[in-house]
>>> print(open('target18.txt').read())   # compact mmCIF, C-alpha atoms (C1' of nucleotides)
# COMPACT_ATOMS: atom_id res chain seq x y z
CA MET T 52 1.77 -9.36 -30.53
CA ALA T 53 -1.72 -10.22 -29.45
CA GLU T 54 -1.03 -8.88 -26.02
CA SER T 55 -2.43 -5.43 -25.45
CA ARG T 56 -0.76 -2.75 -23.39
CA LYS T 57 -3.45 -3.25 -20.80
CA ASP T 58 -2.59 -6.92 -20.51
CA GLN T 59 1.09 -6.13 -20.20
CA LEU T 60 0.35 -3.75 -17.36
CA ILE T 61 -1.82 -6.26 -15.54
CA GLU T 62 0.74 -9.02 -15.86
CA THR T 63 3.66 -6.89 -14.75
CA ALA T 64 1.65 -5.50 -11.87
CA PHE T 65 0.66 -8.98 -10.81
CA ARG T 66 4.24 -10.14 -10.80
CA LEU T 67 5.54 -7.19 -8.80
CA PHE T 68 2.65 -7.22 -6.36
CA GLN T 69 3.36 -10.83 -5.61
CA ALA T 70 7.06 -10.24 -5.14
CA ASP T 71 6.96 -7.03 -3.12
CA GLY T 72 3.42 -6.32 -1.98
CA TYR T 73 0.94 -3.72 -3.09
CA ARG T 74 1.87 -0.55 -1.29
CA SER T 75 5.58 -0.96 -1.68
CA THR T 76 5.33 -1.46 -5.44
CA GLY T 77 5.26 1.96 -7.08
CA ILE T 78 3.51 2.88 -10.29
CA ASN T 79 6.76 4.01 -11.85
CA ARG T 80 8.41 0.66 -11.32
CA ILE T 81 5.48 -1.13 -12.94
CA LEU T 82 5.72 1.24 -15.89
CA ASP T 83 9.46 0.73 -16.25
CA GLU T 84 9.28 -3.04 -16.18
CA ALA T 85 6.26 -3.19 -18.46
CA GLY T 86 7.82 -0.71 -20.88
CA VAL T 87 4.68 1.37 -20.96
CA ALA T 88 4.19 5.11 -20.66
CA LYS T 89 2.50 6.58 -17.66
CA GLN T 90 -0.29 8.18 -19.60
CA THR T 91 -1.17 4.81 -21.10
CA LEU T 92 -1.71 3.39 -17.66
CA TYR T 93 -4.00 6.25 -16.72
CA ASN T 94 -5.91 5.81 -19.95
CA HIS T 95 -6.81 2.26 -18.94
CA PHE T 96 -7.17 2.67 -15.18
CA ARG T 97 -8.30 5.66 -13.21
CA THR T 98 -6.18 4.89 -10.16
CA LYS T 99 -3.60 2.47 -8.85
CA ASP T 100 -6.34 0.74 -6.88
CA GLU T 101 -8.13 -0.02 -10.14
CA LEU T 102 -4.98 -1.64 -11.45
CA ILE T 103 -4.73 -3.70 -8.27
CA LEU T 104 -8.33 -4.81 -8.72
CA ALA T 105 -7.70 -5.71 -12.35
CA ALA T 106 -4.68 -7.80 -11.39
CA LEU T 107 -6.69 -9.57 -8.71
CA GLU T 108 -9.58 -10.25 -11.07
CA ARG T 109 -7.28 -11.63 -13.68
CA TRP T 110 -5.64 -13.89 -11.17
CA ASP T 111 -8.96 -14.90 -9.71
CA ARG T 112 -9.96 -16.35 -13.08
CA ASP T 113 -6.56 -17.79 -13.98
CA SER T 114 -5.74 -19.40 -10.66
CA ARG T 115 -9.11 -21.03 -10.19
CA GLN T 116 -8.99 -22.35 -13.73
CA TRP T 117 -5.51 -23.68 -13.16
CA LEU T 118 -6.39 -25.36 -9.88
CA VAL T 119 -9.58 -26.90 -11.25
CA ASP T 120 -7.86 -28.16 -14.39
CA ALA T 121 -5.04 -29.71 -12.41
CA MET T 122 -7.40 -31.39 -9.98
CA GLU T 123 -9.61 -32.77 -12.72
CA ALA T 124 -6.66 -34.00 -14.74
CA ARG T 125 -5.50 -36.12 -11.84
CA SER T 126 -8.57 -38.17 -11.14
CA ASP T 127 -12.24 -38.71 -11.83
CA ASP T 128 -12.85 -40.21 -8.43
CA PRO T 129 -14.30 -37.48 -6.21
CA ARG T 130 -12.25 -38.46 -3.17
CA GLU T 131 -9.01 -38.57 -5.11
CA ARG T 132 -9.87 -35.34 -6.83
CA LEU T 133 -10.35 -33.52 -3.56
CA LEU T 134 -7.10 -34.90 -2.24
CA ALA T 135 -5.34 -33.92 -5.43
CA LEU T 136 -5.91 -30.33 -4.33
CA PHE T 137 -3.07 -30.76 -1.88
CA ASP T 138 -0.75 -32.21 -4.49
CA VAL T 139 -1.37 -29.16 -6.62
CA LEU T 140 -0.71 -26.91 -3.65
CA ASP T 141 2.56 -28.72 -3.06
CA GLU T 142 3.70 -27.88 -6.58
CA TRP T 143 2.65 -24.29 -6.11
CA PHE T 144 4.54 -23.92 -2.82
CA ALA T 145 7.68 -25.29 -4.40
CA SER T 146 7.49 -23.04 -7.44
CA ALA T 147 9.88 -20.12 -7.76
CA GLY T 148 8.65 -16.84 -6.34
CA PHE T 149 5.93 -18.33 -4.17
CA ARG T 150 4.95 -15.64 -1.69
CA GLY T 151 1.62 -16.85 -0.41
CA CYS T 152 -1.85 -16.16 -1.66
CA LEU T 153 -2.26 -12.84 -3.44
CA PHE T 154 -5.73 -12.47 -2.01
CA VAL T 155 -4.74 -13.11 1.57
CA ASN T 156 -1.92 -10.63 1.18
CA ALA T 157 -4.35 -8.11 -0.29
CA ALA T 158 -6.70 -8.56 2.64
CA ALA T 159 -3.74 -8.03 4.96
CA GLU T 160 -2.67 -4.76 3.34
CA PHE T 161 -6.21 -3.50 2.76
CA GLY T 162 -7.66 -4.54 6.07
CA ASP T 163 -10.91 -2.60 5.92
CA PRO T 164 -13.64 -5.12 5.02
CA GLU T 165 -15.43 -2.38 3.08
CA ASP T 166 -12.47 -1.81 0.79
CA PRO T 167 -13.19 -3.14 -2.73
CA ILE T 168 -9.81 -4.83 -2.76
CA HIS T 169 -10.57 -6.65 0.45
CA GLN T 170 -13.94 -7.67 -0.94
CA ALA T 171 -12.37 -9.01 -4.12
CA ALA T 172 -10.28 -11.29 -1.92
CA ALA T 173 -13.35 -12.48 -0.05
CA ASP T 174 -15.20 -13.15 -3.31
CA HIS T 175 -12.35 -15.23 -4.66
CA LYS T 176 -12.27 -17.42 -1.59
CA GLN T 177 -16.01 -17.89 -1.75
CA GLU T 178 -16.03 -18.91 -5.37
CA PHE T 179 -13.35 -21.52 -4.98
CA ARG T 180 -15.18 -22.87 -1.97
CA GLU T 181 -18.21 -23.41 -4.15
CA TYR T 182 -16.19 -25.57 -6.51
CA LEU T 183 -14.97 -27.61 -3.56
CA LEU T 184 -18.54 -28.03 -2.40
CA ALA T 185 -19.59 -29.37 -5.80
CA GLN T 186 -16.86 -32.00 -5.50
CA ALA T 187 -17.78 -32.85 -1.92
CA ARG T 188 -21.39 -33.40 -2.95
CA ARG T 189 -20.25 -36.18 -5.27
CA LEU T 190 -18.97 -38.03 -2.22
CA GLU T 191 -21.51 -39.94 -0.23
CA VAL T 192 -21.06 -38.09 2.99
CA ASP T 193 -23.46 -36.89 5.61
CA ASP T 194 -22.63 -33.20 5.56
CA PRO T 195 -20.77 -32.04 2.44
CA GLU T 196 -20.91 -28.42 3.56
CA ALA T 197 -19.01 -29.21 6.72
CA LEU T 198 -16.45 -31.32 4.88
CA THR T 199 -15.94 -28.53 2.35
CA GLU T 200 -15.29 -26.05 5.10
CA HIS T 201 -12.83 -28.36 6.82
CA ILE T 202 -10.87 -28.96 3.64
CA ALA T 203 -10.87 -25.25 2.87
CA LEU T 204 -9.50 -24.51 6.35
CA LEU T 205 -6.70 -27.01 5.80
CA MET T 206 -5.95 -25.41 2.45
CA GLU T 207 -5.77 -21.88 3.83
CA GLY T 208 -3.71 -23.08 6.75
CA ALA T 209 -1.29 -24.83 4.44
CA ILE T 210 -0.88 -21.75 2.23
CA VAL T 211 -0.19 -19.47 5.18
CA THR T 212 2.15 -21.94 6.84
CA ALA T 213 4.12 -22.41 3.65
CA GLN T 214 4.34 -18.65 3.21
CA VAL T 215 5.45 -17.79 6.71
CA GLY T 216 7.55 -20.75 7.68
CA GLY T 217 8.64 -22.45 4.52
CA ALA T 218 7.03 -24.99 2.27
CA THR T 219 8.67 -28.27 3.22
CA GLY T 220 6.04 -30.94 3.40
CA VAL T 221 3.19 -28.77 4.58
CA ALA T 222 0.87 -29.75 1.75
CA GLY T 223 1.45 -33.44 2.38
CA ARG T 224 0.58 -33.08 6.05
CA ALA T 225 -2.57 -31.16 5.15
CA ARG T 226 -3.45 -33.94 2.74
CA ALA T 227 -3.12 -36.54 5.47
CA ALA T 228 -5.51 -34.57 7.65
CA ALA T 229 -7.94 -34.26 4.76
CA GLU T 230 -7.84 -38.03 4.22
CA THR T 231 -8.80 -38.59 7.83
CA LEU T 232 -11.62 -36.08 7.64
CA ILE T 233 -13.03 -37.51 4.43
CA SER T 234 -12.92 -41.03 5.81
CA ALA T 235 -14.64 -39.94 9.00
CA ALA T 236 -17.28 -38.05 7.05
CA GLY T 237 -17.82 -40.99 4.72
CA SER T 238 -18.87 -43.29 7.51
CA ALA T 239 -22.34 -41.87 7.18
CA VAL T 240 -25.10 -42.91 4.71
CA MET M 272 2.73 6.47 35.34
CA ALA M 273 4.79 3.35 35.35
CA GLU M 274 4.54 3.16 31.60
CA SER M 275 7.67 4.34 29.90
CA ARG M 276 7.77 6.35 26.71
CA LYS M 277 9.15 3.29 24.99
CA ASP M 278 6.16 1.23 26.06
CA GLN M 279 3.78 3.91 24.89
CA LEU M 280 5.41 3.88 21.49
CA ILE M 281 5.27 0.11 21.20
CA GLU M 282 1.63 -0.04 22.20
CA THR M 283 0.53 2.75 19.89
CA ALA M 284 2.53 1.27 17.04
CA PHE M 285 0.99 -2.12 17.64
CA ARG M 286 -2.51 -0.70 17.55
CA LEU M 287 -1.97 1.26 14.35
CA PHE M 288 -0.10 -1.54 12.61
CA GLN M 289 -2.99 -3.85 13.29
CA ALA M 290 -5.57 -1.36 12.06
CA ASP M 291 -3.80 -0.08 8.94
CA GLY M 292 -0.79 -2.24 8.19
CA TYR M 293 2.89 -1.57 8.53
CA ARG M 294 3.89 0.41 5.47
CA SER M 295 0.82 2.57 5.41
CA THR M 296 1.26 3.61 9.03
CA GLY M 297 3.68 6.54 9.17
CA ILE M 298 6.05 7.38 11.97
CA ASN M 299 4.47 10.79 12.40
CA ARG M 300 1.05 9.33 13.01
CA ILE M 301 2.43 6.99 15.66
CA LEU M 302 4.14 9.94 17.34
CA ASP M 303 1.00 12.06 17.25
CA GLU M 304 -1.21 9.38 18.73
CA ALA M 305 1.34 8.36 21.33
CA GLY M 306 2.03 11.99 22.26
CA VAL M 307 5.76 11.48 22.02
CA ALA M 308 8.43 13.56 20.32
CA LYS M 309 10.21 12.27 17.27
CA GLN M 310 13.63 12.41 18.81
CA THR M 311 12.43 10.22 21.66
CA LEU M 312 11.48 7.52 19.20
CA TYR M 313 14.88 7.66 17.57
CA ASN M 314 16.55 7.51 20.97
CA HIS M 315 14.92 4.15 21.62
CA PHE M 316 14.88 2.68 18.11
CA ARG M 317 17.31 3.19 15.29
CA THR M 318 14.78 2.73 12.51
CA LYS M 319 11.09 2.16 11.91
CA ASP M 320 11.83 -1.50 11.25
CA GLU M 321 13.23 -1.80 14.78
CA LEU M 322 9.99 -0.40 16.13
CA ILE M 323 8.04 -2.93 14.07
CA LEU M 324 10.21 -5.72 15.46
CA ALA M 325 9.70 -4.45 19.01
CA ALA M 326 5.93 -4.40 18.53
CA LEU M 327 6.00 -7.92 17.13
CA GLU M 328 8.16 -9.19 19.98
CA ARG M 329 5.90 -7.63 22.54
CA TRP M 330 2.89 -9.17 20.95
CA ASP M 331 4.63 -12.50 20.55
CA ARG M 332 4.99 -12.71 24.32
CA ASP M 333 1.61 -11.24 25.20
CA SER M 334 -0.50 -13.18 22.73
CA ARG M 335 1.04 -16.53 23.49
CA GLN M 336 0.67 -15.92 27.19
CA TRP M 337 -2.93 -14.91 26.70
CA LEU M 338 -3.77 -17.94 24.57
CA VAL M 339 -2.04 -20.36 26.90
CA ASP M 340 -3.67 -18.88 29.99
CA ALA M 341 -7.11 -19.00 28.42
CA MET M 342 -6.67 -22.59 27.27
CA GLU M 343 -5.38 -23.74 30.63
CA ALA M 344 -8.12 -21.94 32.50
CA ARG M 345 -10.75 -23.84 30.59
CA SER M 346 -9.76 -27.39 31.26
CA ASP M 347 -7.14 -29.74 32.66
CA ASP M 348 -8.08 -32.51 30.30
CA PRO M 349 -5.62 -32.47 27.40
CA ARG M 350 -8.25 -33.10 24.76
CA GLU M 351 -10.53 -30.41 26.07
CA ARG M 352 -7.63 -28.04 26.44
CA LEU M 353 -6.62 -28.44 22.81
CA LEU M 354 -10.20 -27.93 21.69
CA ALA M 355 -10.49 -24.87 23.90
CA LEU M 356 -8.01 -23.25 21.53
CA PHE M 357 -10.84 -22.80 19.07
CA ASP M 358 -13.13 -21.29 21.66
CA VAL M 359 -10.46 -18.74 22.44
CA LEU M 360 -10.03 -18.03 18.74
CA ASP M 361 -13.76 -17.47 18.46
CA GLU M 362 -13.59 -14.77 21.11
CA TRP M 363 -10.65 -13.17 19.38
CA PHE M 364 -12.37 -13.12 15.98
CA ALA M 365 -15.42 -11.46 17.49
CA SER M 366 -13.42 -8.80 19.33
CA ALA M 367 -13.43 -5.23 18.07
CA GLY M 368 -10.68 -4.36 15.65
CA PHE M 369 -9.81 -7.93 14.72
CA ARG M 370 -7.78 -7.75 11.53
CA GLY M 371 -6.14 -11.12 11.36
CA CYS M 372 -2.84 -12.27 12.73
CA LEU M 373 -0.22 -9.55 13.04
CA PHE M 374 2.49 -12.03 12.13
CA VAL M 375 0.80 -13.31 9.01
CA ASN M 376 0.20 -9.75 7.93
CA ALA M 377 3.85 -8.94 8.59
CA ALA M 378 4.95 -11.90 6.50
CA ALA M 379 2.65 -10.67 3.73
CA GLU M 380 4.07 -7.14 3.70
CA PHE M 381 7.67 -8.24 4.26
CA GLY M 382 7.67 -11.19 1.92
CA ASP M 383 11.39 -11.82 1.75
CA PRO M 384 12.08 -14.83 4.00
CA GLU M 385 15.43 -13.29 4.91
CA ASP M 386 13.84 -10.15 6.28
CA PRO M 387 14.11 -10.04 10.10
CA ILE M 388 10.46 -9.08 10.31
CA HIS M 389 9.45 -12.10 8.28
CA GLN M 390 11.63 -14.29 10.46
CA ALA M 391 10.07 -12.91 13.62
CA ALA M 392 6.73 -14.06 12.27
CA ALA M 393 8.08 -17.52 11.51
CA ASP M 394 9.59 -17.77 15.00
CA HIS M 395 6.31 -16.88 16.65
CA LYS M 396 4.44 -19.57 14.76
CA GLN M 397 7.07 -22.11 15.64
CA GLU M 398 7.01 -21.33 19.34
CA PHE M 399 3.27 -21.61 19.64
CA ARG M 400 3.40 -24.89 17.76
CA GLU M 401 5.74 -26.21 20.41
CA TYR M 402 3.21 -25.45 23.10
CA LEU M 403 0.56 -27.30 21.09
CA LEU M 404 2.90 -30.24 20.76
CA ALA M 405 3.38 -30.41 24.52
CA GLN M 406 -0.37 -30.63 24.92
CA ALA M 407 -0.72 -33.22 22.18
CA ARG M 408 1.90 -35.39 23.88
CA ARG M 409 -0.34 -35.61 26.93
CA LEU M 410 -2.92 -37.33 24.75
CA GLU M 411 -2.42 -41.00 24.11
CA VAL M 412 -2.10 -40.80 20.39
CA ASP M 413 0.09 -42.51 17.90
CA ASP M 414 1.70 -39.49 16.31
CA PRO M 415 1.45 -36.31 18.37
CA GLU M 416 3.61 -34.38 15.90
CA ALA M 417 1.17 -35.05 13.08
CA LEU M 418 -1.82 -34.16 15.24
CA THR M 419 -0.14 -30.92 16.29
CA GLU M 420 0.48 -29.97 12.69
CA HIS M 421 -3.10 -30.72 11.75
CA ILE M 422 -4.52 -28.61 14.55
CA ALA M 423 -2.12 -25.81 13.71
CA LEU M 424 -3.25 -25.89 10.09
CA LEU M 425 -6.86 -25.63 11.18
CA MET M 426 -5.96 -22.73 13.45
CA GLU M 427 -4.14 -20.80 10.72
CA GLY M 428 -6.91 -21.53 8.28
CA ALA M 429 -9.52 -20.28 10.70
CA ILE M 430 -7.61 -17.05 11.38
CA VAL M 431 -7.19 -16.29 7.69
CA THR M 432 -10.76 -17.19 6.85
CA ALA M 433 -12.09 -14.99 9.63
CA GLN M 434 -9.90 -12.14 8.46
CA VAL M 435 -10.74 -12.30 4.79
CA GLY M 436 -14.34 -13.42 4.79
CA GLY M 437 -15.76 -12.61 8.19
CA ALA M 438 -15.75 -14.39 11.49
CA THR M 439 -19.17 -15.98 11.72
CA GLY M 440 -18.81 -19.48 13.03
CA VAL M 441 -15.43 -20.24 11.52
CA ALA M 442 -13.82 -21.18 14.81
CA GLY M 443 -16.62 -23.56 15.65
CA ARG M 444 -16.27 -25.36 12.35
CA ALA M 445 -12.52 -25.63 12.83
CA ARG M 446 -13.19 -27.04 16.28
CA ALA M 447 -15.44 -29.72 14.83
CA ALA M 448 -12.71 -30.75 12.41
CA ALA M 449 -10.20 -30.87 15.26
CA GLU M 450 -12.51 -33.13 17.28
CA THR M 451 -12.66 -35.58 14.38
CA LEU M 452 -8.90 -35.53 13.96
CA ILE M 453 -8.20 -36.05 17.65
CA SER M 454 -10.64 -38.92 17.82
CA ALA M 455 -9.11 -40.56 14.78
CA ALA M 456 -5.61 -40.10 16.15
CA GLY M 457 -6.64 -41.49 19.52
CA SER M 458 -7.62 -44.86 18.10
CA ALA M 459 -3.99 -45.88 18.38
CA VAL M 460 -2.08 -47.21 21.41
C1' DG Z 110 22.83 26.42 42.10
C1' DA Z 111 24.97 23.68 38.63
C1' DA Z 112 25.58 19.57 35.94
C1' DC Z 113 23.02 16.08 33.87
C1' DC Z 114 19.64 13.63 31.29
C1' DC Z 115 15.50 12.75 29.12
C1' DC Z 116 12.07 14.88 26.88
C1' DT Z 117 9.43 18.38 23.64
C1' DA Z 118 8.68 21.11 19.46
C1' DG Z 119 9.32 21.62 15.04
C1' DA Z 120 12.21 22.94 10.95
C1' DC Z 121 14.63 20.64 7.51
C1' DA Z 122 16.85 17.53 3.90
C1' DG Z 123 16.38 14.33 0.49
C1' DG Z 124 13.79 11.04 -1.34
C1' DT Z 125 9.42 8.66 -3.05
C1' DC Z 126 4.74 8.51 -4.10
C1' DT Z 127 0.38 9.21 -7.21
C1' DG Z 128 -1.68 11.53 -10.66
C1' DT Z 129 -1.74 15.55 -14.33
C1' DC Z 130 -0.13 17.87 -18.16
C1' DT Z 131 2.28 18.95 -22.58
C1' DG Z 132 4.05 17.88 -26.77
C1' DT Z 133 5.69 14.39 -30.13
C1' DT Z 134 5.63 10.10 -32.73
C1' DC Z 135 3.78 6.16 -34.75
C1' DC Z 136 0.45 3.52 -37.48
C1' DG Z 137 -3.80 1.76 -39.64
C1' DG Z 138 -7.85 3.10 -42.45
C1' DC Z 139 -9.67 6.00 -45.84
C1' DG B 23 -1.31 11.46 -48.66
C1' DC B 24 -3.83 12.39 -44.64
C1' DC B 25 -6.45 12.01 -40.39
C1' DG B 26 -7.39 10.28 -35.81
C1' DG B 27 -6.46 7.61 -32.04
C1' DA B 28 -3.20 5.50 -29.15
C1' DA B 29 1.22 5.38 -27.13
C1' DC B 30 5.64 7.62 -25.89
C1' DA B 31 8.70 10.64 -23.07
C1' DG B 32 9.21 13.21 -19.37
C1' DA B 33 8.44 17.49 -16.61
C1' DC B 34 5.68 18.83 -12.92
C1' DA B 35 2.64 19.53 -8.69
C1' DG B 36 1.61 18.45 -4.23
C1' DA B 37 1.72 15.38 -0.76
C1' DC B 38 3.95 12.20 2.26
C1' DC B 39 7.82 9.50 3.90
C1' DT B 40 12.02 8.56 7.13
C1' DG B 41 15.53 10.26 9.66
C1' DT B 42 18.57 14.42 11.34
C1' DC B 43 19.25 18.57 13.57
C1' DT B 44 18.76 22.56 16.63
C1' DA B 45 17.06 24.85 20.64
C1' DG B 46 15.14 24.78 24.78
C1' DG B 47 12.19 22.86 29.00
C1' DG B 48 11.89 20.52 33.38
C1' DG B 49 13.19 17.36 36.86
C1' DT B 50 16.77 14.99 39.86
C1' DT B 51 21.11 14.63 42.14
C1' DC B 52 25.25 16.28 43.73
>>> encode(input="target18.txt", output="structure tokens")
Amino acid sequence: MAESRKDQLIETAFRLFQADGYRSTGINRILDEAGVAKQTLYNHFRTKDELILAALERWDRDSRQWLVDAMEARSDDPRERLLALFDVLDEWFASAGFRGCLFVNAAAEFGDPEDPIHQAAADHKQEFREYLLAQARRLEVDDPEALTEHIALLMEGAIVTAQVGGATGVAGRARAAAETLISAAGSAV
Amino acid sequence: MAESRKDQLIETAFRLFQADGYRSTGINRILDEAGVAKQTLYNHFRTKDELILAALERWDRDSRQWLVDAMEARSDDPRERLLALFDVLDEWFASAGFRGCLFVNAAAEFGDPEDPIHQAAADHKQEFREYLLAQARRLEVDDPEALTEHIALLMEGAIVTAQVGGATGVAGRARAAAETLISAAGSAV
DNA sequence: GAACCCCTAGACAGGTCTGTCTGTTCCGGC
DNA sequence: GCCGGAACAGACAGACCTGTCTAGGGGTTC
């Protein structure tokens, strides 16, 4: 088994945090489900918060990689690639156990903007936005920064709406709005 | 003092839930800050969850009333009134103690869609969407339902973005996107 | 003045939480 | 065969949690 105890802990923690939230998921439950002894956890992480941060960092890398790969697999055309974002979101919303964005939920539970967990959430959002901006720059539009922001707002709105009210068709409606915004932005140059 | 003990509890609970979240805010702290005895709380509410629901219901009424009043005070014109939504959001984001939407945060902490608290959040979102739809119908657009959804997505996205990453200018950028979408929708009829 | 009702104050039960500590077992490298 | 590091198992401390219970205080209304 190539998977270290540390990895097992991070993956189990990630799964339980997504299902039940951060504060309501106890250390002991993570240990039980991971099949790991308590002392092992505290050898790898000083506190529960460090485990939360490790789970977020892991998912920051994995989820951005997954999103980027899926978008790039769908099209080379920059417009289609941006729109493919919403197709990928649609799959995510429909997948079993979808409970919204782990980072948004973390920011909700750790509301203090100075909290490292809250900041990890902010960093994640910023980094994905930079990828979107690189795609928007490939379009011939007047203001790629503005278009990036608009698409990001639709994405966040779609994630929250799917989480709170159910997933049915939200991503498709966000995609339609994005199409309109891209077309309107493309009328320049 | 016209304010009943029950109202004091609801208001204190609301304030602390917004600042620190639901699970991390203990009953005893609410009682201390409200200056109310424990037995009084349990005379009015059977459980903590009932208090959470009462705080959400109170804020459901108050916040929608506040938003609607502010939008209607700004303009009679349906287009301007819809866009005023984002000006009101901007004020909210800049206000002291802004920590995102209480309903989104509730849905994050109580992730089970069957949970009454989660459902209260979903109901709130739905009811405000109906008000937006009534405004959109006053515009002469082809598909007011679609426009409503698009504006709602921008609104949710702006709230989450302001919560996670900071408020600076988010509402204004969402407003710009909404202007484009309304104009594009208005080309019909 | 007495019955009534809402409230206060705080002890208490029973459970859960994080994090520490002790002692044992397993396994790879020498 | 033996040594050292890592993991296991689980008791434990100390704090906090929700919700119950008891005992009494202070108005209001008959």
>>> closest_residue(input="target18.txt", among="B:DG41, B:DG26, B:DG36, B:DG49", to="chain M", atoms="all atoms listed in the file")
B:DG41
>>> residues_near_point(input="target18.txt", point="(19.0, 11.6, 28.7)", cutoff="10 Å", atoms="only C-alpha atoms (C1' of nucleotides)", output="list of chain:residue names")
M:Thr311, M:Asn314, Z:DC113, Z:DC114, Z:DC115, Z:DC116
>>> closest_atom_pairs(input="target18.txt", of="chain B", to="chain M", cutoff="10 Å", atoms="only C-alpha atoms (C1' of nucleotides)", output="CSV")
residue,atom,partner,partner_atom,distance
B:DC38,C1',M:Gly297,CA,8.9
B:DC39,C1',M:Gly297,CA,7.3
B:DT40,C1',M:Ile298,CA,7.8
B:DG41,C1',M:Thr318,CA,8.1
B:DT42,C1',M:Gln310,CA,9.2
B:DC43,C1',M:Gln310,CA,9.8
>>> residues_around(input="target18.txt", residues="Leu104 of chain T", least_positions_apart="4", cutoff="12 Å", atoms="only C-alpha atoms (C1' of nucleotides)", output="list in words")
Ile61, Ala64, Phe65, Phe68, Tyr73, Phe96, Arg97, Thr98, Lys99, Asp100, Glu108, Arg109, Trp110, Asp111, Leu153, Phe154, Ala157, Phe161, Asp166, Pro167, Ile168, His169, Gln170, Ala171, Ala172 and His175 of chain T
>>> atom_distance(input="target18.txt", atom1="atom CA of Ala433 of chain M", atom2="atom CA of Phe364 of chain M")
6.6 Å
>>> interface_residues(input="target18.txt", of="chain Z", to="chain T", cutoff="10 Å", atoms="all atoms listed in the file", output="mmCIF file with C-alpha atoms (C1' of nucleotides), keeping the file's coordinate frame")
data_model
loop_
_atom_site.group_PDB
_atom_site.id
_atom_site.type_symbol
_atom_site.label_atom_id
_atom_site.label_comp_id
_atom_site.auth_asym_id
_atom_site.auth_seq_id
_atom_site.Cartn_x
_atom_site.Cartn_y
_atom_site.Cartn_z
ATOM 1 C "C1'" DT Z 125 9.420 8.660 -3.050
ATOM 2 C "C1'" DC Z 126 4.740 8.510 -4.100
ATOM 3 C "C1'" DT Z 127 0.380 9.210 -7.210
ATOM 4 C "C1'" DG Z 128 -1.680 11.530 -10.660
ATOM 5 C "C1'" DT Z 129 -1.740 15.550 -14.330
ATOM 6 C "C1'" DC Z 130 -0.130 17.870 -18.160
#
>>> closest_atom_pairs(input="target18.txt", of="chain M", to="chain T", cutoff="8 Å", atoms="all atoms listed in the file", output="tab-separated table")
residue	atom	partner	partner_atom	distance
M:Ala290	CA	T:Gly162	CA	7.1
M:Asp291	CA	T:Gly162	CA	6.6
M:Gly292	CA	T:Glu160	CA	5.8
M:Arg294	CA	T:Arg74	CA	7.1
M:Ser295	CA	T:Arg74	CA	7.5
M:Arg370	CA	T:Gly162	CA	6.3
M:Gly371	CA	T:Ala159	CA	7.5
M:Val375	CA	T:Val215	CA	6.9
M:Asn376	CA	T:Ala159	CA	5.2
M:Ala378	CA	T:Val215	CA	5.9
M:Ala379	CA	T:Asn156	CA	5.2
M:Glu380	CA	T:Gly72	CA	5.8
M:Phe381	CA	T:Asp71	CA	7.5
M:Gly382	CA	T:Arg150	CA	6.3
M:Pro384	CA	T:Val215	CA	7.8
M:His389	CA	T:Val215	CA	7.1
M:Ala392	CA	T:Val215	CA	6.8
M:Ala393	CA	T:Gly216	CA	5.0
M:Lys396	CA	T:Gly216	CA	7.8
M:Ala417	CA	T:Arg224	CA	7.3
M:Glu420	CA	T:Arg224	CA	7.3
M:His421	CA	T:Ala228	CA	6.1
M:Ala423	CA	T:Gly208	CA	7.6
M:Leu424	CA	T:Gly208	CA	4.4
M:Leu425	CA	T:Leu205	CA	5.6
M:Met426	CA	T:Gly208	CA	7.1
M:Glu427	CA	T:Gly208	CA	4.6
M:Gly428	CA	T:Gly208	CA	3.9
M:Ala429	CA	T:Leu204	CA	6.1
M:Val431	CA	T:Glu207	CA	6.9
M:Thr432	CA	T:Leu204	CA	7.4
M:Gln434	CA	T:Ala158	CA	7.5
M:Val435	CA	T:Ala173	CA	5.5
M:Gly436	CA	T:Ala173	CA	5.0
M:Arg444	CA	T:His201	CA	7.2
M:Ala445	CA	T:His201	CA	6.6
M:Ala448	CA	T:His201	CA	6.1
M:Thr451	CA	T:Leu232	CA	6.8
M:Leu452	CA	T:Thr231	CA	6.9
M:Ala455	CA	T:Thr231	CA	7.2
>>> residues_around(input="target18.txt", residues="segment 336-343 of chain M", least_positions_apart="2", cutoff="7 Å", atoms="only C-alpha atoms (C1' of nucleotides)", output="list in words")
Arg332, Asp333, Ser334, Arg345, Ser346, Asp347, Arg352, Ala355, Leu356 and Val359 of chain M
>>> atom_distance(input="target18.txt", atom1="atom CA of Arg66 of chain T", atom2="atom CA of His95 of chain T")
18.5 Å
>>> atom_distance(input="target18.txt", atom1="atom CA of Asp303 of chain M", atom2="atom CA of Arg335 of chain M")
29.3 Å
